[in-house]
>>> print(open('structure.tsv').read())   # TSV, C-alpha atoms
chain	number	residue	atom	x	y	z
A	1346	MET	CA	68.47	119.20	167.40
A	1347	ASN	CA	71.36	116.96	166.37
A	1348	ILE	CA	73.19	118.08	163.26
A	1349	SER	CA	73.14	115.45	160.50
A	1350	ASP	CA	76.18	114.11	158.63
A	1351	GLU	CA	74.94	115.70	155.40
A	1352	LYS	CA	74.58	119.09	157.06
A	1353	LEU	CA	78.06	118.80	158.53
A	1354	ASP	CA	79.49	117.89	155.12
A	1355	GLN	CA	77.76	120.92	153.61
A	1356	LEU	CA	79.20	123.14	156.31
A	1357	LEU	CA	82.66	121.71	155.77
A	1358	LYS	CA	82.39	122.31	152.03
A	1359	SER	CA	81.46	125.92	152.65
A	1360	ALA	CA	84.85	126.59	154.25
A	1361	VAL	CA	86.83	127.98	151.32
A	1362	PRO	CA	90.38	129.13	152.11
A	1363	ILE	CA	91.47	132.69	151.37
A	1364	PRO	CA	93.21	132.44	147.97
A	1365	PRO	CA	97.00	132.83	147.97
A	1366	SER	CA	98.71	135.90	146.54
A	1367	SER	CA	98.40	135.79	142.77
A	1368	ASN	CA	102.16	135.64	142.31
A	1369	LEU	CA	102.98	132.97	144.90
A	1370	ALA	CA	104.08	130.41	142.30
A	1371	GLU	CA	106.08	133.04	140.37
A	1372	ARG	CA	107.75	134.17	143.59
A	1373	ILE	CA	108.84	130.62	144.42
A	1374	ILE	CA	110.16	130.05	140.89
A	1375	ALA	CA	112.08	133.34	140.90
A	1376	GLN	CA	113.61	132.67	144.29
A	1377	ALA	CA	114.72	129.21	143.20
A	1378	ALA	CA	116.35	130.73	140.10
A	1379	THR	CA	118.28	133.30	142.14
A	1380	SER	CA	119.45	130.69	144.61
A	1381	GLN	CA	120.59	128.57	141.65
A	1382	ILE	CA	122.80	131.45	140.37
A	1383	THR	CA	124.28	132.02	143.84
A	1384	ALA	CA	124.92	128.31	144.17
A	1385	LYS	CA	126.75	128.28	140.82
A	1386	ILE	CA	129.00	131.18	141.84
A	1387	GLU	CA	129.66	129.49	145.14
A	1388	THR	CA	130.57	126.20	143.50
A	1389	GLY	CA	132.98	127.99	141.17
A	1390	LYS	CA	134.81	129.58	144.08
A	1391	ARG	CA	134.78	126.81	146.58
A	1392	SER	CA	134.42	123.72	144.44
A	1393	LEU	CA	137.84	122.31	145.28
A	1394	PHE	CA	137.49	123.00	148.98
A	1395	LYS	CA	134.01	121.49	149.03
A	1396	GLN	CA	135.15	118.42	147.09
A	1397	ILE	CA	137.87	117.79	149.64
A	1398	LEU	CA	135.50	118.42	152.54
A	1399	ASN	CA	132.86	116.14	151.07
A	1400	ASN	CA	135.31	113.25	151.22
A	1401	PHE	CA	135.29	113.53	155.01
A	1402	ILE	CA	131.53	113.72	155.42
A	1403	LEU	CA	129.97	110.51	156.66
A	1404	PRO	CA	126.64	109.80	154.96
A	1405	LYS	CA	125.21	108.08	158.02
A	1406	PRO	CA	127.24	109.06	161.07
A	1407	ALA	CA	125.32	106.87	163.50
A	1408	TYR	CA	125.89	103.73	161.43
A	1409	ALA	CA	129.54	104.65	160.88
A	1410	LEU	CA	130.06	105.15	164.61
A	1411	ALA	CA	128.32	101.87	165.47
A	1412	CYS	CA	130.36	99.95	162.87
A	1413	SER	CA	133.67	101.44	163.98
A	1414	MET	CA	132.84	100.62	167.61
A	1415	LEU	CA	131.97	97.06	166.64
A	1416	VAL	CA	135.23	96.68	164.68
A	1417	GLY	CA	137.12	98.18	167.64
A	1418	VAL	CA	135.53	95.77	170.10
A	1419	LEU	CA	136.25	92.79	167.82
A	1420	LEU	CA	139.89	93.82	167.34
A	1421	GLY	CA	140.28	94.48	171.03
A	1422	TRP	CA	138.77	91.15	171.90
A	1423	GLN	CA	141.07	89.34	169.44
A	1424	ASP	CA	144.11	91.17	170.81
A	1425	SER	CA	143.23	90.46	174.41
A	1426	ALA	CA	142.66	86.77	173.55
A	1427	LEU	CA	146.15	86.66	171.97
A	1428	ASP	CA	147.63	88.46	174.94
A	1429	VAL	CA	146.10	86.00	177.40
A	1430	ASN	CA	147.56	83.06	175.45
A	1431	THR	CA	151.01	84.61	175.26
A	1432	ILE	CA	150.90	85.66	178.90
A	1433	GLN	CA	149.87	82.14	179.90
A	1434	LEU	CA	152.63	80.53	177.77
A	1435	ALA	CA	155.18	83.00	179.02
A	1436	SER	CA	154.26	82.45	182.62
A	1437	ILE	CA	154.43	78.67	182.26
A	1438	ASP	CA	157.89	79.01	180.64
A	1439	GLU	CA	158.98	81.38	183.37
A	1440	ASP	CA	157.73	79.02	186.06
A	1441	LEU	CA	159.51	76.07	184.50
A	1442	SER	CA	162.77	77.94	184.13
A	1443	SER	CA	162.60	79.32	187.66
A	1444	LEU	CA	161.91	75.82	188.95
A	1445	PHE	CA	164.87	74.52	186.96
A	1446	ILE	CA	167.12	77.29	188.34
A	1447	ALA	CA	165.88	76.58	191.85
A	1448	GLU	CA	166.60	72.87	191.40
A	1449	VAL	CA	170.11	73.55	190.07
A	1450	ASN	CA	170.79	75.90	192.96
A	1451	TYR	CA	169.58	73.30	195.42
A	1452	TYR	CA	171.92	70.61	194.08
A	1453	GLU	CA	174.80	73.03	193.90
B	1216	MET	CA	107.88	123.27	127.71
B	1217	ASN	CA	104.68	121.72	126.36
B	1218	SER	CA	106.09	118.24	126.74
B	1219	LEU	CA	106.73	118.89	130.43
B	1220	LYS	CA	103.02	119.51	130.96
B	1221	HIS	CA	102.28	115.93	129.99
B	1222	GLN	CA	104.90	114.46	132.28
B	1223	THR	CA	104.03	112.98	135.64
B	1224	ASP	CA	105.17	114.57	138.89
B	1225	GLU	CA	107.65	111.76	139.39
B	1226	GLU	CA	109.18	112.31	135.92
B	1227	LEU	CA	109.48	116.01	136.69
B	1228	MET	CA	111.20	115.18	139.98
B	1229	VAL	CA	113.82	113.14	138.14
B	1230	LEU	CA	114.48	116.18	135.95
B	1231	ILE	CA	114.62	118.45	139.00
B	1232	GLN	CA	117.23	116.14	140.48
B	1233	ALA	CA	119.30	117.03	137.41
B	1234	HIS	CA	118.75	120.73	138.34
B	1235	ASN	CA	116.21	121.41	135.60
B	1236	HIS	CA	114.63	124.71	136.57
B	1237	VAL	CA	111.90	124.49	133.90
B	1238	ALA	CA	110.70	121.21	135.38
B	1239	PHE	CA	110.71	122.80	138.82
B	1240	SER	CA	108.61	125.72	137.51
B	1241	GLU	CA	106.11	123.28	136.03
B	1242	LEU	CA	105.80	121.37	139.31
B	1243	VAL	CA	105.37	124.59	141.31
B	1244	LYS	CA	102.66	125.89	138.97
B	1245	ARG	CA	100.89	122.55	139.05
B	1246	HIS	CA	100.69	122.16	142.83
B	1247	THR	CA	101.08	125.52	144.60
B	1248	ASP	CA	97.36	126.15	145.12
B	1249	ARG	CA	96.66	122.66	146.39
B	1250	PHE	CA	99.46	122.66	148.97
B	1251	TYR	CA	98.65	126.22	149.97
B	1252	ALA	CA	95.05	125.17	150.67
B	1253	LEU	CA	96.21	122.41	153.02
B	1254	ALA	CA	98.62	124.74	154.82
B	1255	TYR	CA	95.94	127.43	155.12
B	1256	ARG	CA	93.35	125.00	156.49
B	1257	THR	CA	95.88	123.88	159.09
B	1258	LEU	CA	97.18	127.29	160.13
B	1259	PHE	CA	94.31	129.64	159.24
B	1260	ASN	CA	96.78	132.33	158.33
B	1261	GLN	CA	97.45	133.36	154.74
B	1262	SER	CA	101.02	134.60	155.08
B	1263	ASP	CA	102.09	131.64	157.24
B	1264	ALA	CA	100.57	129.22	154.73
B	1265	GLU	CA	102.34	130.97	151.84
B	1266	ASP	CA	105.64	130.88	153.72
B	1267	ILE	CA	105.27	127.17	154.42
B	1268	VAL	CA	104.61	126.38	150.75
B	1269	GLN	CA	107.46	128.59	149.60
B	1270	GLU	CA	109.96	127.14	152.06
B	1271	SER	CA	108.93	123.59	151.25
B	1272	PHE	CA	109.33	124.08	147.50
B	1273	LEU	CA	112.69	125.78	147.98
B	1274	LYS	CA	113.79	122.90	150.22
B	1275	LEU	CA	112.82	120.54	147.41
B	1276	TRP	CA	114.82	122.63	144.93
B	1277	HIS	CA	117.92	122.71	147.11
B	1278	LYS	CA	117.73	119.06	148.15
B	1279	PRO	CA	115.80	117.23	145.42
B	1280	THR	CA	117.37	113.92	146.39
B	1281	LEU	CA	115.25	113.91	149.56
B	1282	TRP	CA	112.59	112.35	147.35
B	1283	GLN	CA	113.61	108.99	145.98
B	1284	LEU	CA	111.84	107.18	143.17
B	1285	LYS	CA	113.10	103.83	144.42
B	1286	ARG	CA	111.18	104.16	147.65
B	1287	GLY	CA	108.03	104.07	145.55
B	1288	SER	CA	106.20	106.95	147.21
B	1289	LYS	CA	104.20	109.31	145.03
B	1290	PHE	CA	105.53	112.84	144.84
B	1291	THR	CA	102.30	114.35	146.18
B	1292	THR	CA	102.18	111.99	149.18
B	1293	TRP	CA	105.79	112.82	150.03
B	1294	PHE	CA	105.27	116.56	149.61
B	1295	TYR	CA	102.06	116.52	151.67
B	1296	ARG	CA	104.14	114.96	154.46
B	1297	LEU	CA	106.68	117.77	154.11
B	1298	ILE	CA	103.93	120.41	154.37
B	1299	VAL	CA	102.22	118.64	157.30
B	1300	ASN	CA	105.48	118.47	159.26
B	1301	ALA	CA	106.28	122.10	158.50
B	1302	CYS	CA	102.82	123.11	159.77
B	1303	TYR	CA	103.27	121.07	162.95
B	1304	ASP	CA	106.68	122.69	163.52
B	1305	LEU	CA	105.29	126.18	163.03
B	1306	ASN	CA	102.40	125.52	165.42
B	1307	LYS	CA	104.83	124.19	168.04
B	1308	LYS	CA	107.05	127.25	167.60
B	1309	LYS	CA	104.08	129.58	167.90
B	1310	SER	CA	102.66	127.88	170.98
B	1311	SER	CA	106.05	127.97	172.73
B	1312	GLN	CA	106.32	131.71	171.89
B	1313	GLU	CA	102.84	132.26	173.33
B	1314	ILE	CA	103.82	130.45	176.54
B	1315	LEU	CA	106.90	132.67	176.78
B	1316	LEU	CA	104.73	135.76	176.37
B	1317	ILE	CA	102.42	134.61	179.16
B	1318	ASP	CA	105.39	133.93	181.41
B	1319	GLU	CA	106.99	137.27	180.73
B	1320	LYS	CA	103.97	139.53	180.94
B	1321	ASP	CA	101.67	137.58	183.22
B	1322	GLY	CA	99.13	137.00	180.48
B	1323	GLN	CA	98.18	140.63	179.81
B	1324	ASP	CA	100.05	141.24	176.59
B	1325	TYR	CA	99.23	137.79	175.27
B	1326	GLU	CA	95.52	138.47	175.53
B	1327	LEU	CA	95.93	141.72	173.63
B	1328	ILE	CA	97.97	140.07	170.89
B	1329	SER	CA	95.62	137.15	170.42
B	1330	GLU	CA	92.62	139.49	170.27
B	1331	ASP	CA	94.36	141.52	167.58
B	1332	ASP	CA	95.00	138.39	165.56
B	1333	GLU	CA	91.39	137.32	165.82
B	1334	ASN	CA	90.10	140.70	164.75
B	1335	SER	CA	92.44	141.06	161.80
B	1336	GLN	CA	90.75	138.18	159.98
B	1337	GLN	CA	87.09	137.27	159.81
B	1338	PHE	CA	86.37	133.56	160.16
B	1339	SER	CA	83.18	131.75	159.29
B	1340	ASP	CA	81.51	129.51	161.89
B	1341	ILE	CA	82.93	126.35	160.37
B	1342	GLU	CA	86.42	127.84	160.32
B	1343	VAL	CA	86.14	128.75	164.00
B	1344	ALA	CA	84.93	125.22	164.75
B	1345	LEU	CA	87.79	123.71	162.75
B	1346	LYS	CA	90.28	125.97	164.51
B	1347	GLU	CA	89.10	124.66	167.87
B	1348	LEU	CA	89.79	121.05	166.93
B	1349	PRO	CA	93.01	119.40	168.11
B	1350	GLU	CA	95.74	119.65	165.47
B	1351	ARG	CA	95.75	115.99	164.45
B	1352	GLN	CA	91.97	115.72	164.16
B	1353	ARG	CA	91.97	118.82	161.97
B	1354	MET	CA	94.76	117.41	159.82
B	1355	ALA	CA	92.94	114.09	159.37
B	1356	LEU	CA	89.78	115.89	158.26
B	1357	ASN	CA	91.77	118.17	155.95
B	1358	LEU	CA	93.50	115.32	154.20
B	1359	CYS	CA	90.49	113.05	153.84
B	1360	PHE	CA	87.71	115.55	153.32
B	1361	TYR	CA	89.28	118.52	151.55
B	1362	GLU	CA	92.22	116.93	149.78
B	1363	ASP	CA	90.14	113.91	148.83
B	1364	LEU	CA	92.89	111.46	149.71
B	1365	SER	CA	92.20	107.85	150.58
B	1366	ASN	CA	92.37	106.90	154.25
B	1367	ASN	CA	95.49	104.84	153.56
B	1368	GLU	CA	97.27	107.76	151.93
B	1369	ALA	CA	96.25	110.16	154.70
B	1370	ALA	CA	97.45	107.71	157.36
B	1371	SER	CA	100.78	107.32	155.60
B	1372	ILE	CA	101.18	111.10	155.32
B	1373	MET	CA	100.45	111.57	159.02
B	1374	GLY	CA	102.65	108.61	159.94
B	1375	ILE	CA	99.88	106.80	161.83
B	1376	ARG	CA	97.91	103.57	161.46
B	1377	LEU	CA	94.69	103.37	159.50
B	1378	LYS	CA	92.60	102.72	162.61
B	1379	ALA	CA	94.12	105.70	164.38
B	1380	LEU	CA	93.24	107.89	161.40
B	1381	GLN	CA	89.66	106.63	161.31
B	1382	SER	CA	89.34	107.33	165.00
B	1383	LEU	CA	90.72	110.86	164.53
B	1384	ILE	CA	88.17	111.54	161.78
B	1385	MET	CA	85.31	110.20	163.88
B	1386	ARG	CA	86.32	112.21	166.92
B	1387	GLY	CA	86.84	115.31	164.78
B	1388	LYS	CA	83.39	115.05	163.26
B	1389	ALA	CA	81.82	114.38	166.66
B	1390	SER	CA	83.53	117.49	168.09
B	1391	LEU	CA	82.30	119.59	165.16
B	1392	LYS	CA	78.75	118.31	165.63
B	1393	ALA	CA	78.92	119.05	169.35
B	1394	TYR	CA	80.20	122.55	168.59
B	1395	PHE	CA	77.33	123.32	166.22
B	1396	ASN	CA	74.73	121.76	168.50
B	1397	THR	CA	75.79	123.90	171.44
B	1398	SER	CA	75.99	127.06	169.32
B	1399	GLU	CA	72.48	126.34	167.99
B	1400	GLU	CA	71.18	125.80	171.52
B	1401	ASN	CA	72.76	129.09	172.59
B	1402	ASN	CA	71.07	130.87	169.69
B	1403	HIS	CA	67.67	129.48	170.70
B	1404	GLU	CA	68.20	130.58	174.29
B	1405	HIS	CA	69.03	134.12	173.16
B	1406	LYS	CA	65.86	134.27	171.06
>>> encode(input="structure.tsv", output="structure tokens")
Amino acid sequence: MNISDEKLDQLLKSAVPIPPSSNLAERIIAQAATSQITAKIETGKRSLFKQILNNFILPKPAYALACSMLVGVLLGWQDSALDVNTIQLASIDEDLSSLFIAEVNYYE
Amino acid sequence: MNSLKHQTDEELMVLIQAHNHVAFSELVKRHTDRFYALAYRTLFNQSDAEDIVQESFLKLWHKPTLWQLKRGSKFTTWFYRLIVNACYDLNKKKSSQEILLIDEKDGQDYELISEDDENSQQFSDIEVALKELPERQRMALNLCFYEDLSNNEAASIMGIRLKALQSLIMRGKASLKAYFNTSEENNHEHK
């Protein structure tokens, strides 16, 4: 009772799709041509605006965001490292000067 | 025009990227029937299949740079992928609409609508059997059996591994065999 592979292949081959409308290709071509004309008119009117706008469009926003975050973190890290050094130097200076003032006051 | 007929799909695509409408026409004439057949065998609806092919070609016309020669993929492989994804999207959209209908009308209207759809088009036994297959099994069979693509190409179009594709084909064929065996048994019982 089991259906053979050959029989199944024959059955599969018998499934012929309903043919498309005779003018499907022509319809696609015509629609592309009309959209081309509209696009040309549009570019004439808005070309300058679009050119300016295009300069602000990021090609890969996710990469751009990741890179800018990385740069931000690096800059921030460098700044904070500098700040720590300056704070440390400043505090040592302040401590020394306050000690000196305290000593002078004591002797006076 | 004659010279365009001898050019490869990839050469035509380069011309289309330079907005050559004649090259686009040549490509459309060359491949419309083939891509329509795939869409039809996936959706089993003529107008949906035509819409998918039309939208995909227009997408190609508007954004020809989506295909890139440098990536080394054949035009047909790339465009098959476009059609396959569009079919999947449409099926998803349709199934979500059907779920909404069931939710809204407690199943009554949905049954009426689906019956109307079935009656509007006559399907052969094999088409009914293919329709009952899960989407991915059907697509694997379509690409390998009807479109005559190699297993590697079909796997790359579907975005799956070769072994997964082979398994889909095997399971699809087994389901079809089971379908025909049970329908034959039912026929014998009726006699």
>>> closest_atom_pairs(input="structure.tsv", of="chain B", to="chain A", cutoff="10 Å", atoms="only C-alpha atoms", output="Markdown table")
| residue | atom | partner | partner_atom | distance |
| --- | --- | --- | --- | --- |
| B:His1234 | CA | A:Gln1381 | CA | 8.7 |
| B:His1236 | CA | A:Ala1378 | CA | 7.2 |
| B:Val1237 | CA | A:Ile1374 | CA | 9.1 |
| B:Phe1239 | CA | A:Ile1374 | CA | 7.6 |
| B:Ser1240 | CA | A:Ile1374 | CA | 5.7 |
| B:Glu1241 | CA | A:Ile1374 | CA | 9.3 |
| B:Leu1242 | CA | A:Ala1370 | CA | 9.7 |
| B:Val1243 | CA | A:Ala1370 | CA | 6.0 |
| B:Lys1244 | CA | A:Ala1370 | CA | 5.8 |
| B:Arg1245 | CA | A:Ala1370 | CA | 9.1 |
| B:His1246 | CA | A:Ala1370 | CA | 8.9 |
| B:Thr1247 | CA | A:Ala1370 | CA | 6.2 |
| B:Asp1248 | CA | A:Pro1365 | CA | 7.3 |
| B:Tyr1251 | CA | A:Pro1365 | CA | 7.1 |
| B:Ala1252 | CA | A:Pro1362 | CA | 6.3 |
| B:Leu1253 | CA | A:Pro1362 | CA | 8.9 |
| B:Ala1254 | CA | A:Pro1362 | CA | 9.7 |
| B:Tyr1255 | CA | A:Pro1362 | CA | 6.5 |
| B:Arg1256 | CA | A:Pro1362 | CA | 6.7 |
| B:Phe1259 | CA | A:Pro1362 | CA | 8.2 |
| B:Asn1260 | CA | A:Ile1363 | CA | 8.8 |
| B:Gln1261 | CA | A:Pro1365 | CA | 6.8 |
| B:Ser1262 | CA | A:Pro1365 | CA | 8.4 |
| B:Ala1264 | CA | A:Pro1365 | CA | 8.5 |
| B:Glu1265 | CA | A:Pro1365 | CA | 6.9 |
| B:Asp1266 | CA | A:Leu1369 | CA | 9.4 |
| B:Val1268 | CA | A:Ile1373 | CA | 8.7 |
| B:Gln1269 | CA | A:Ile1373 | CA | 5.7 |
| B:Glu1270 | CA | A:Ile1373 | CA | 8.5 |
| B:Ser1271 | CA | A:Ile1373 | CA | 9.8 |
| B:Phe1272 | CA | A:Ile1373 | CA | 7.2 |
| B:Leu1273 | CA | A:Ala1377 | CA | 6.2 |
| B:Lys1274 | CA | A:Ala1377 | CA | 9.5 |
| B:Leu1275 | CA | A:Ala1377 | CA | 9.8 |
| B:Trp1276 | CA | A:Ala1377 | CA | 6.8 |
| B:His1277 | CA | A:Ala1377 | CA | 8.2 |
| B:Phe1338 | CA | A:Ala1360 | CA | 9.3 |
| B:Ser1339 | CA | A:Ala1360 | CA | 7.4 |
| B:Asp1340 | CA | A:Leu1356 | CA | 8.8 |
| B:Ile1341 | CA | A:Leu1356 | CA | 6.4 |
| B:Glu1342 | CA | A:Ala1360 | CA | 6.4 |
| B:Ala1344 | CA | A:Leu1357 | CA | 9.9 |
| B:Leu1345 | CA | A:Leu1357 | CA | 8.9 |
| B:Leu1356 | CA | A:Leu1357 | CA | 9.5 |
| B:Asn1357 | CA | A:Leu1357 | CA | 9.8 |
| B:Phe1360 | CA | A:Leu1357 | CA | 8.3 |
| B:Tyr1361 | CA | A:Lys1358 | CA | 7.9 |
| B:Lys1388 | CA | A:Leu1353 | CA | 8.1 |
| B:Ala1389 | CA | A:Asp1350 | CA | 9.8 |
| B:Leu1391 | CA | A:Leu1353 | CA | 7.9 |
| B:Lys1392 | CA | A:Ile1348 | CA | 6.0 |
| B:Ala1393 | CA | A:Asn1347 | CA | 8.4 |
| B:Tyr1394 | CA | A:Ile1348 | CA | 9.9 |
| B:Phe1395 | CA | A:Ile1348 | CA | 7.3 |
| B:Asn1396 | CA | A:Asn1347 | CA | 6.2 |
| B:Thr1397 | CA | A:Met1346 | CA | 9.6 |
| B:Glu1399 | CA | A:Met1346 | CA | 8.2 |
| B:Glu1400 | CA | A:Met1346 | CA | 8.2 |
>>> atom_distance(input="structure.tsv", atom1="CA of Gln1355 in chain A", atom2="CA of Phe1250 in chain B")
22.3 Å
>>> atom_distance(input="structure.tsv", atom1="CA of Glu1226 in chain B", atom2="CA of Phe1294 in chain B")
14.9 Å
>>> atom_distance(input="structure.tsv", atom1="CA of Pro1279 in chain B", atom2="CA of Gln1232 in chain B")
5.3 Å
>>> axis_aligned_box(input="structure.tsv", around="range 1255-1272 of chain B", padding_each_side="8 Å", output="lines of an AutoDock Vina configuration file")
center_x = 101.7
center_y = 129.1
center_z = 153.8
size_x = 32.6
size_y = 27.0
size_z = 28.6
>>> residues_around(input="structure.tsv", residues="Arg1296 in chain B", least_positions_apart="4", cutoff="9 Å", atoms="only C-alpha atoms", output="ChimeraX atom specification")
/B:1291-1292,1300-1301,1371-1374
>>> build_atoms(input="structure.tsv", residues="range 1367-1388 of chain B", atoms="N, CA and C atoms", output="mmCIF file, keeping the file's coordinate frame")
data_model
loop_
_atom_site.group_PDB
_atom_site.id
_atom_site.type_symbol
_atom_site.label_atom_id
_atom_site.label_comp_id
_atom_site.auth_asym_id
_atom_site.auth_seq_id
_atom_site.Cartn_x
_atom_site.Cartn_y
_atom_site.Cartn_z
ATOM 1 N N ASN B 1367 94.138 105.407 153.504
ATOM 2 C CA ASN B 1367 95.490 104.840 153.560
ATOM 3 C C ASN B 1367 96.551 105.888 153.306
ATOM 4 N N GLU B 1368 96.298 106.706 152.267
ATOM 5 C CA GLU B 1368 97.270 107.760 151.930
ATOM 6 C C GLU B 1368 97.398 108.760 153.074
ATOM 7 N N ALA B 1369 96.247 109.174 153.607
ATOM 8 C CA ALA B 1369 96.250 110.160 154.700
ATOM 9 C C ALA B 1369 96.998 109.612 155.911
ATOM 10 N N ALA B 1370 96.765 108.324 156.206
ATOM 11 C CA ALA B 1370 97.450 107.710 157.360
ATOM 12 C C ALA B 1370 98.953 107.680 157.132
ATOM 13 N N SER B 1371 99.341 107.368 155.880
ATOM 14 C CA SER B 1371 100.780 107.320 155.600
ATOM 15 C C SER B 1371 101.403 108.716 155.678
ATOM 16 N N ILE B 1372 100.673 109.730 155.240
ATOM 17 C CA ILE B 1372 101.180 111.100 155.320
ATOM 18 C C ILE B 1372 101.357 111.523 156.781
ATOM 19 N N MET B 1373 100.376 111.159 157.605
ATOM 20 C CA MET B 1373 100.450 111.570 159.020
ATOM 21 C C MET B 1373 101.336 110.649 159.849
ATOM 22 N N GLY B 1374 101.769 109.541 159.233
ATOM 23 C CA GLY B 1374 102.650 108.610 159.940
ATOM 24 C C GLY B 1374 101.934 107.862 161.053
ATOM 25 N N ILE B 1375 100.642 107.537 160.815
ATOM 26 C CA ILE B 1375 99.880 106.800 161.830
ATOM 27 C C ILE B 1375 99.199 105.596 161.175
ATOM 28 N N ARG B 1376 98.606 104.736 162.003
ATOM 29 C CA ARG B 1376 97.910 103.570 161.460
ATOM 30 C C ARG B 1376 96.526 103.966 160.969
ATOM 31 N N LEU B 1377 95.997 103.096 160.103
ATOM 32 C CA LEU B 1377 94.690 103.370 159.500
ATOM 33 C C LEU B 1377 93.603 103.524 160.561
ATOM 34 N N LYS B 1378 93.636 102.662 161.563
ATOM 35 C CA LYS B 1378 92.600 102.720 162.610
ATOM 36 C C LYS B 1378 92.688 104.017 163.398
ATOM 37 N N ALA B 1379 93.920 104.447 163.631
ATOM 38 C CA ALA B 1379 94.120 105.700 164.380
ATOM 39 C C ALA B 1379 93.546 106.869 163.581
ATOM 40 N N LEU B 1380 93.757 106.810 162.252
ATOM 41 C CA LEU B 1380 93.240 107.890 161.400
ATOM 42 C C LEU B 1380 91.712 107.900 161.428
ATOM 43 N N GLN B 1381 91.124 106.706 161.295
ATOM 44 C CA GLN B 1381 89.660 106.630 161.310
ATOM 45 C C GLN B 1381 89.102 107.162 162.631
ATOM 46 N N SER B 1382 89.795 106.845 163.694
ATOM 47 C CA SER B 1382 89.340 107.330 165.000
ATOM 48 C C SER B 1382 89.463 108.855 165.085
ATOM 49 N N LEU B 1383 90.551 109.395 164.521
ATOM 50 C CA LEU B 1383 90.720 110.860 164.530
ATOM 51 C C LEU B 1383 89.592 111.536 163.754
ATOM 52 N N ILE B 1384 89.239 110.957 162.601
ATOM 53 C CA ILE B 1384 88.170 111.540 161.780
ATOM 54 C C ILE B 1384 86.834 111.496 162.539
ATOM 55 N N MET B 1385 86.569 110.338 163.144
ATOM 56 C CA MET B 1385 85.310 110.200 163.880
ATOM 57 C C MET B 1385 85.223 111.190 165.027
ATOM 58 N N ARG B 1386 86.319 111.292 165.785
ATOM 59 C CA ARG B 1386 86.320 112.210 166.920
ATOM 60 C C ARG B 1386 86.218 113.665 166.466
ATOM 61 N N GLY B 1387 86.890 113.954 165.334
ATOM 62 C CA GLY B 1387 86.840 115.310 164.780
ATOM 63 C C GLY B 1387 85.421 115.685 164.389
ATOM 64 N N LYS B 1388 84.755 114.778 163.687
ATOM 65 C CA LYS B 1388 83.390 115.050 163.260
ATOM 66 C C LYS B 1388 82.445 115.189 164.459
#
